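Chemist: Got a file for you: work_16.cif, mmCIF, C-alpha atoms.
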```cif
data_structure
loop_
_atom_site.group_PDB
_atom_site.id
_atom_site.type_symbol
_atom_site.label_atom_id
_atom_site.label_comp_id
_atom_site.auth_asym_id
_atom_site.auth_seq_id
_atom_site.Cartn_x
_atom_site.Cartn_y
_atom_site.Cartn_z
ATOM 1 C CA MET A 147 105.294 36.683 53.247
ATOM 2 C CA LYS A 148 105.806 35.321 49.743
ATOM 3 C CA MET A 149 102.602 33.297 49.948
ATOM 4 C CA MET A 150 100.734 36.422 51.097
ATOM 5 C CA ARG A 151 102.219 38.366 48.147
ATOM 6 C CA ASN A 152 101.153 35.498 45.860
ATOM 7 C CA ALA A 153 97.585 35.576 47.184
ATOM 8 C CA ILE A 154 97.011 39.308 46.746
ATOM 9 C CA THR A 155 98.713 39.332 43.338
ATOM 10 C CA VAL A 156 96.502 36.530 41.998
ATOM 11 C CA LEU A 157 93.403 38.109 43.535
ATOM 12 C CA MET A 158 94.081 41.579 42.101
ATOM 13 C CA CYS A 159 95.026 40.177 38.683
ATOM 14 C CA SER A 160 91.818 38.157 38.320
ATOM 15 C CA ARG A 161 88.450 39.040 36.809
ATOM 16 C CA GLY A 162 85.573 39.820 39.108
ATOM 17 C CA THR A 163 85.255 41.759 42.325
ATOM 18 C CA PRO A 164 88.172 41.134 44.713
ATOM 19 C CA MET A 165 86.910 39.932 48.079
ATOM 20 C CA ILE A 166 89.206 41.061 50.878
ATOM 21 C CA LEU A 167 88.778 41.154 54.630
ATOM 22 C CA ALA A 168 89.747 44.033 56.920
ATOM 23 C CA GLY A 169 93.304 43.433 58.032
ATOM 24 C CA ASP A 170 94.345 41.414 54.968
ATOM 25 C CA GLU A 171 96.323 44.434 53.810
ATOM 26 C CA PHE A 172 98.743 44.135 56.721
ATOM 27 C CA GLY A 173 98.708 40.373 57.303
ATOM 28 C CA ASN A 174 96.188 40.085 60.128
ATOM 29 C CA THR A 175 95.365 36.496 60.965
ATOM 30 C CA GLN A 176 92.434 34.588 62.438
ATOM 31 C CA TYR A 177 94.719 31.626 63.150
ATOM 32 C CA GLY A 178 92.979 29.418 60.593
ATOM 33 C CA ASN A 179 89.455 30.141 61.824
ATOM 34 C CA ASN A 180 87.300 31.254 58.888
ATOM 35 C CA ASN A 181 84.114 31.585 60.971
ATOM 36 C CA CYS A 182 84.965 33.754 63.973
ATOM 37 C CA TYR A 183 82.148 36.307 63.686
ATOM 38 C CA CYS A 184 80.633 35.260 67.023
ATOM 39 C CA GLN A 185 83.879 35.351 69.001
ATOM 40 C CA ASP A 186 84.992 38.337 71.013
ATOM 41 C CA ASN A 187 88.670 37.538 71.496
ATOM 42 C CA GLU A 188 92.055 37.771 69.720
ATOM 43 C CA VAL A 189 90.801 35.453 66.947
ATOM 44 C CA SER A 190 88.301 38.047 65.692
ATOM 45 C CA TRP A 191 90.065 41.260 66.714
ATOM 46 C CA LEU A 192 92.242 43.235 64.320
ATOM 47 C CA ASN A 193 95.809 43.231 65.586
ATOM 48 C CA TRP A 194 97.058 46.648 64.509
ATOM 49 C CA ASP A 195 100.602 45.718 65.531
ATOM 50 C CA TYR A 196 100.777 43.759 62.270
ATOM 51 C CA LEU A 197 100.537 47.049 60.358
ATOM 52 C CA ARG A 198 103.740 48.228 62.020
ATOM 53 C CA MET A 199 105.468 44.833 61.686
ATOM 54 C CA ASN A 200 104.420 44.254 58.043
ATOM 55 C CA ARG A 201 104.865 47.769 56.639
ATOM 56 C CA ASP A 202 106.593 46.427 53.472
ATOM 57 C CA PHE A 203 103.715 44.037 52.783
ATOM 58 C CA PHE A 204 101.198 46.852 53.306
ATOM 59 C CA ARG A 205 103.075 48.961 50.729
ATOM 60 C CA PHE A 206 103.134 46.006 48.288
ATOM 61 C CA TYR A 207 99.387 45.475 48.801
ATOM 62 C CA LYS A 208 98.625 49.124 48.003
ATOM 63 C CA ASN A 209 100.822 48.978 44.889
ATOM 64 C CA VAL A 210 99.085 45.856 43.560
ATOM 65 C CA ILE A 211 95.678 47.526 44.034
ATOM 66 C CA ALA A 212 96.977 50.575 42.126
ATOM 67 C CA PHE A 213 98.285 48.235 39.387
ATOM 68 C CA ARG A 214 94.804 46.732 38.980
ATOM 69 C CA LYS A 215 93.287 50.207 38.662
ATOM 70 C CA LYS A 216 95.930 51.209 36.094
ATOM 71 C CA HIS A 217 95.133 48.150 33.943
ATOM 72 C CA PRO A 218 91.351 47.961 33.447
ATOM 73 C CA VAL A 219 91.752 45.012 31.068
ATOM 74 C CA ILE A 220 92.185 42.845 34.177
ATOM 75 C CA SER A 221 88.770 43.623 35.610
ATOM 76 C CA ARG A 222 86.683 43.851 32.431
ATOM 77 C CA PRO A 223 86.875 43.162 28.709
ATOM 78 C CA LEU A 224 87.965 46.082 26.570
ATOM 79 C CA GLY A 225 87.874 46.404 22.801
ATOM 80 C CA PRO A 226 90.181 44.167 20.753
ATOM 81 C CA ALA A 227 93.887 44.811 21.165
ATOM 82 C CA ALA A 228 95.704 46.162 18.142
ATOM 83 C CA CYS A 229 98.766 44.048 18.931
ATOM 84 C CA GLY A 230 97.037 40.909 17.658
ATOM 85 C CA LEU A 231 96.622 39.087 20.980
ATOM 86 C CA PRO A 232 93.319 37.473 22.002
ATOM 87 C CA ASP A 233 91.383 39.264 24.750
ATOM 88 C CA VAL A 234 91.864 36.431 27.300
ATOM 89 C CA ILE A 235 93.887 33.232 27.159
ATOM 90 C CA ALA A 236 94.869 30.708 29.802
ATOM 91 C CA CYS A 237 97.831 28.474 29.115
ATOM 92 C CA GLY A 238 100.267 26.189 30.791
ATOM 93 C CA ALA A 239 98.491 22.847 30.789
ATOM 94 C CA ASN A 240 99.792 21.590 27.414
ATOM 95 C CA PRO A 241 103.341 21.105 26.091
ATOM 96 C CA ASP A 242 102.524 23.489 23.223
ATOM 97 C CA ASP A 243 101.837 26.328 25.629
ATOM 98 C CA HIS A 244 104.269 29.033 26.731
ATOM 99 C CA VAL A 245 106.058 26.849 29.270
ATOM 100 C CA ILE A 246 109.283 25.038 28.521
ATOM 101 C CA GLY A 247 109.572 21.637 30.192
ATOM 102 C CA ARG A 248 107.217 21.190 33.122
ATOM 103 C CA SER A 249 104.129 22.646 31.504
ATOM 104 C CA ASN A 250 101.585 21.414 34.022
ATOM 105 C CA GLN A 251 103.083 23.237 37.008
ATOM 106 C CA VAL A 252 102.561 26.764 35.670
ATOM 107 C CA LEU A 253 99.390 28.616 34.816
ATOM 108 C CA GLY A 254 99.622 31.658 32.591
ATOM 109 C CA ILE A 255 96.751 34.093 32.039
ATOM 110 C CA LEU A 256 96.850 36.874 29.478
ATOM 111 C CA PHE A 257 94.450 39.814 29.310
ATOM 112 C CA ALA A 258 94.643 42.078 26.269
ATOM 113 C CA GLY A 259 92.493 44.946 25.072
ATOM 114 C CA ARG A 260 92.481 48.444 23.686
ATOM 115 C CA ALA A 261 92.908 51.093 26.379
ATOM 116 C CA GLU A 262 89.759 53.135 26.952
ATOM 117 C CA ASP A 263 91.449 56.387 26.016
ATOM 118 C CA ALA A 264 92.665 54.770 22.750
ATOM 119 C CA ALA A 265 96.208 55.584 23.869
ATOM 120 C CA GLY A 266 97.341 52.052 23.169
ATOM 121 C CA ASP A 267 96.964 48.433 24.080
ATOM 122 C CA ASP A 268 96.549 47.258 27.651
ATOM 123 C CA VAL A 269 98.197 43.837 27.955
ATOM 124 C CA VAL A 270 98.814 41.975 31.231
ATOM 125 C CA TYR A 271 100.281 38.465 31.520
ATOM 126 C CA MET A 272 100.321 36.685 34.884
ATOM 127 C CA ALA A 273 102.329 33.488 35.420
ATOM 128 C CA ILE A 274 101.730 31.328 38.510
ATOM 129 C CA ASN A 275 104.191 28.614 39.510
ATOM 130 C CA ALA A 276 102.560 26.335 42.090
ATOM 131 C CA TYR A 277 105.406 23.824 41.735
ATOM 132 C CA TRP A 278 108.122 23.441 44.408
ATOM 133 C CA GLU A 279 110.943 23.988 41.887
ATOM 134 C CA PRO A 280 111.722 26.911 39.573
ATOM 135 C CA VAL A 281 110.334 26.620 36.039
ATOM 136 C CA GLU A 282 111.591 28.438 32.976
ATOM 137 C CA ILE A 283 108.678 29.954 31.045
ATOM 138 C CA ARG A 284 108.445 31.518 27.618
ATOM 139 C CA LEU A 285 106.324 34.659 27.531
ATOM 140 C CA PRO A 286 103.701 34.883 24.765
ATOM 141 C CA ALA A 287 105.084 35.984 21.422
ATOM 142 C CA LEU A 288 104.583 39.639 20.574
ATOM 143 C CA ARG A 289 104.667 41.241 17.162
ATOM 144 C CA ALA A 290 107.815 43.071 16.065
ATOM 145 C CA GLY A 291 108.517 46.258 17.962
ATOM 146 C CA LEU A 292 106.810 45.148 21.193
ATOM 147 C CA SER A 293 108.622 43.864 24.279
ATOM 148 C CA TRP A 294 107.699 42.473 27.676
ATOM 149 C CA GLY A 295 108.506 44.141 30.971
ATOM 150 C CA ILE A 296 108.030 42.839 34.496
ATOM 151 C CA ASN A 297 105.937 44.703 37.067
ATOM 152 C CA ILE A 298 105.437 42.176 39.857
ATOM 153 C CA ASN A 299 107.633 39.289 40.998
ATOM 154 C CA THR A 300 106.676 37.822 44.366
ATOM 155 C CA ASP A 301 110.083 36.111 44.740
ATOM 156 C CA ALA A 302 112.497 38.699 43.367
ATOM 157 C CA ASP A 303 116.185 38.159 44.142
ATOM 158 C CA ASP A 304 116.647 41.840 44.998
ATOM 159 C CA ASN A 305 113.516 41.973 47.225
ATOM 160 C CA VAL A 306 111.985 44.589 44.923
ATOM 161 C CA PHE A 307 108.678 42.841 44.348
ATOM 162 C CA PHE A 308 106.831 45.654 42.574
ATOM 163 C CA HIS A 309 107.777 48.121 39.817
ATOM 164 C CA LYS A 310 105.395 50.958 38.935
ATOM 165 C CA GLN A 311 106.941 51.088 35.466
ATOM 166 C CA ALA A 312 107.656 47.783 33.754
ATOM 167 C CA VAL A 313 111.327 46.765 33.801
ATOM 168 C CA PHE A 314 112.511 45.665 30.342
ATOM 169 C CA LEU A 315 113.169 41.956 29.816
ATOM 170 C CA LYS A 316 115.921 41.177 27.319
ATOM 171 C CA SER A 317 114.553 37.715 26.593
ATOM 172 C CA PRO A 318 111.100 36.120 26.346
ATOM 173 C CA LEU A 319 112.438 33.397 28.667
ATOM 174 C CA PHE A 320 111.921 33.959 32.376
ATOM 175 C CA LEU A 321 112.877 31.799 35.353
ATOM 176 C CA LEU A 322 109.767 31.703 37.529
ATOM 177 C CA LYS A 323 110.866 30.766 41.034
ATOM 178 C CA GLU A 324 109.189 28.026 43.032
ATOM 179 C CA ARG A 325 105.754 28.848 44.442
ATOM 180 C CA SER A 326 105.744 32.370 43.057
ATOM 181 C CA VAL A 327 103.801 34.706 40.784
ATOM 182 C CA ALA A 328 105.090 37.151 38.177
ATOM 183 C CA VAL A 329 103.103 39.765 36.250
ATOM 184 C CA PHE A 330 104.262 41.261 32.962
ATOM 185 C CA THR A 331 103.027 44.143 30.804
ATOM 186 C CA LEU A 332 104.086 45.665 27.516
ATOM 187 C CA PHE A 333 107.330 47.596 27.908
ATOM 188 C CA HIS A 334 107.154 51.152 26.589
ATOM 189 C CA GLN A 335 110.405 53.016 26.028
#
```
Give the structure from this file in structure tokens form.
Modeler:
Amino acid sequence: MKMMRNAITVLMCSRGTPMILAGDEFGNTQYGNNNCYCQDNEVSWLNWDYLRMNRDFFRFYKNVIAFRKKHPVISRPLGPAACGLPDVIACGANPDDHVIGRSNQVLGILFAGRAEDAAGDDVVYMAINAYWEPVEIRLPALRAGLSWGININTDADDNVFFHKQAVFLKSPLFLLKERSVAVFTLFHQ
């Protein structure tokens, strides 16, 4: 389930048009067959029992789609952000990036822009840990008065993987669990 949460989170927090297949939203499987269009059997059929069995994943999937819609900076460039961040950065491959220690196991992507309604900045930071051990990351520095909050954590200890409103982080350091994804936005009090 965590790997499925990882996949939809990365897909919905990436530029471009998300390509999804009917049944992805409730964990339907084709048992590894990516070319079953000409089969008329359980490999190509939608198993609607998965919707009942994976109700929590279906709810998570819908929430991540709503998150993408709420943050248009993910899907397209907006005007420059007033908070001084670049419009898009990718980090994690160099020791000078936002990762402490194992910098080549984590990829961080930041999208920043001015909200279309000029109500404020739209800033989204996604961190992906493909490594098999937890990695402590340092979130990008923000100017005084701004703080990070977490919206999505695919390996949350409390099994609350999605927050509609960002949950305040007391520190810019975050322990990103093994093989997981976390998404952060500006925290507004």
Chemist: If you apply the PyMOL selection byres ((chain A and resi 213-217) around 10) to this file, what residues do you get, as JSON, numbers by chain?
Modeler: {"A": [155, 157, 158, 159, 160, 207, 208, 209, 210, 211, 212, 218, 219, 220, 221, 222, 257, 258, 259, 261, 268, 269, 270, 297, 298, 308, 309, 310, 311, 331]}
Chemist: Would you mind reading off the distance between atom CA of A:Gly169 and atom CA of A:Leu253, one decimal, in Å?
Modeler: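 That distance, rounded to one decimal, is 28.2 Å.
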Chemist: Quote the spacing between atom CA of A:Ile255 and atom CA of A:Leu231 in Å to one decimal place.
Modeler: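 Rounded to one decimal, the two atoms are 12.1 Å apart.
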Chemist: Starting from the shown file, work through the PyMOL selection byres ((chain A and resi 175) around 9) and note down what comes out as a VMD selection string.
Modeler: chain A and resid 169 to 170 173 to 174 176 to 179 189 to 190 192 to 193
Chemist: How far is it from atom CA of A:Val281 to atom CA of A:Phe204, in Å with one decimal?
Modeler: 28.1 Å
Chemist: Restricting the calculation to all atoms listed in the file: of A:Ser317, A:Thr163, A:Asn152, A:Asn200, which residue gets closest to A:Val329?
Modeler: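 Among the listed residues, the smallest separation from A:Val329 belongs to A:Asn152.
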Chemist: Which one is closest to A:Asp301: A:Asp195, A:Met147, A:Arg284, A:Cys237? Count only C-alpha atoms.
Modeler: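 Among the listed residues, A:Met147 lies closest to A:Asp301.
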